[in-house]
Amino acid sequence: MASFTHFFLIFLIFSAVSLVHHAEAQKRCQEQLYPKGCTLNDCGKKCFDKHKQMSGVCIQNRSMTDYACYCIWNC
């Protein structure tokens with residue numbers, strides 16, 4: 001019985017932590033700036049200039065032949 005009580009208590013703690021984390025999460029927005037030739041420095045600078053947050057990332061395309069520049073920021 002003690003084992004079940006410990007398991008239930010741990011379950012309640014993790015449930016509470018996940019609810020608090022979900023409530024504090026902010027919505028993320030994204031925009032593709034250009035579809036090919038992404039370099040991290042250039043992408044980061046352009047995203048910062050546009051959205052005033054450090055958010056530029058290079059994401060590989062589906063055919064795995066090039067990288068696109070995406071800005072991801074808190075809406």
# chains A, B, ... in the order shown; residues from 1 in each chain; ligands from 1
call {"tool": "residues_around", "arguments": {"residues": "segment 62-68 of chain A", "least_positions_apart": "5", "cutoff": "10 Å", "atoms": "only C-alpha atoms", "output": "JSON, numbers by chain"}}
result
{"A": [32, 33, 34, 35, 36, 37, 38, 39, 40, 43, 57]}
call {"tool": "select_by_dssp", "arguments": {"residues": "segment 23-61 of chain A", "states": "strand (DSSP E or B)", "output": "PyMOL selection string"}}
result
chain A and resi 28-34+56-60
call {"tool": "atom_distance", "arguments": {"atom1": "atom CA of Ala25 of chain A", "atom2": "atom CA of Cys69 of chain A"}}
result
24.0 Å
call {"tool": "closest_atom_pairs", "arguments": {"of": "segment 38-57 of chain A", "to": "segment 70-75 of chain A", "cutoff": "10 Å", "atoms": "only C-alpha atoms", "output": "CSV"}}
result
residue,atom,partner,partner_atom,distance
A:Cys38,CA,A:Tyr70,CA,9.0
A:Cys43,CA,A:Tyr70,CA,7.5
A:Gly44,CA,A:Cys71,CA,7.9
A:Lys46,CA,A:Cys71,CA,8.6
A:Cys47,CA,A:Cys71,CA,5.5
A:Phe48,CA,A:Cys71,CA,8.5
A:Lys50,CA,A:Cys71,CA,9.0
A:His51,CA,A:Trp73,CA,7.5
A:Lys52,CA,A:Trp73,CA,9.0
A:Gln53,CA,A:Trp73,CA,6.6
A:Met54,CA,A:Trp73,CA,7.9
A:Ser55,CA,A:Ile72,CA,5.1
A:Gly56,CA,A:Cys71,CA,4.7
A:Val57,CA,A:Tyr70,CA,5.4
call {"tool": "write_last_selection", "arguments": {"atoms": "N, CA and C atoms", "output": "CSV table (one decimal), in the first residue's frame"}}
result
chain,number,residue,atom,x,y,z
A,38,CYS,N,20.6,29.9,-46.4
A,38,CYS,CA,20.7,30.5,-45.0
A,38,CYS,C,22.0,30.3,-44.4
A,43,CYS,N,20.9,35.3,-41.0
A,43,CYS,CA,19.5,35.0,-40.6
A,43,CYS,C,19.2,35.7,-39.3
A,44,GLY,N,20.1,35.5,-38.3
A,44,GLY,CA,19.9,36.0,-37.0
A,44,GLY,C,19.8,37.5,-37.0
A,46,LYS,N,18.9,39.5,-39.6
A,46,LYS,CA,17.7,39.9,-40.3
A,46,LYS,C,16.4,39.7,-39.4
A,47,CYS,N,16.4,38.6,-38.7
A,47,CYS,CA,15.3,38.4,-37.8
A,47,CYS,C,15.3,39.4,-36.6
A,48,PHE,N,16.5,39.7,-36.1
A,48,PHE,CA,16.5,40.7,-35.0
A,48,PHE,C,16.1,42.1,-35.5
A,50,LYS,N,14.0,42.7,-37.8
A,50,LYS,CA,12.6,42.7,-38.1
A,50,LYS,C,11.7,42.6,-36.9
A,51,HIS,N,12.1,41.7,-35.9
A,51,HIS,CA,11.2,41.3,-34.8
A,51,HIS,C,11.8,41.8,-33.4
A,52,LYS,N,13.0,42.3,-33.4
A,52,LYS,CA,13.6,42.8,-32.2
A,52,LYS,C,13.8,41.7,-31.1
A,53,GLN,N,14.0,40.5,-31.6
A,53,GLN,CA,14.3,39.4,-30.7
A,53,GLN,C,15.4,38.5,-31.4
A,54,MET,N,16.2,37.9,-30.7
A,54,MET,CA,17.2,36.9,-31.2
A,54,MET,C,16.5,35.6,-31.5
A,55,SER,N,16.2,35.5,-32.8
A,55,SER,CA,15.3,34.3,-33.1
A,55,SER,C,15.6,33.6,-34.4
A,56,GLY,N,16.6,34.0,-35.2
A,56,GLY,CA,16.9,33.4,-36.5
A,56,GLY,C,17.5,32.0,-36.4
A,57,VAL,N,16.9,31.1,-37.1
A,57,VAL,CA,17.4,29.7,-37.2
A,57,VAL,C,17.4,29.3,-38.7
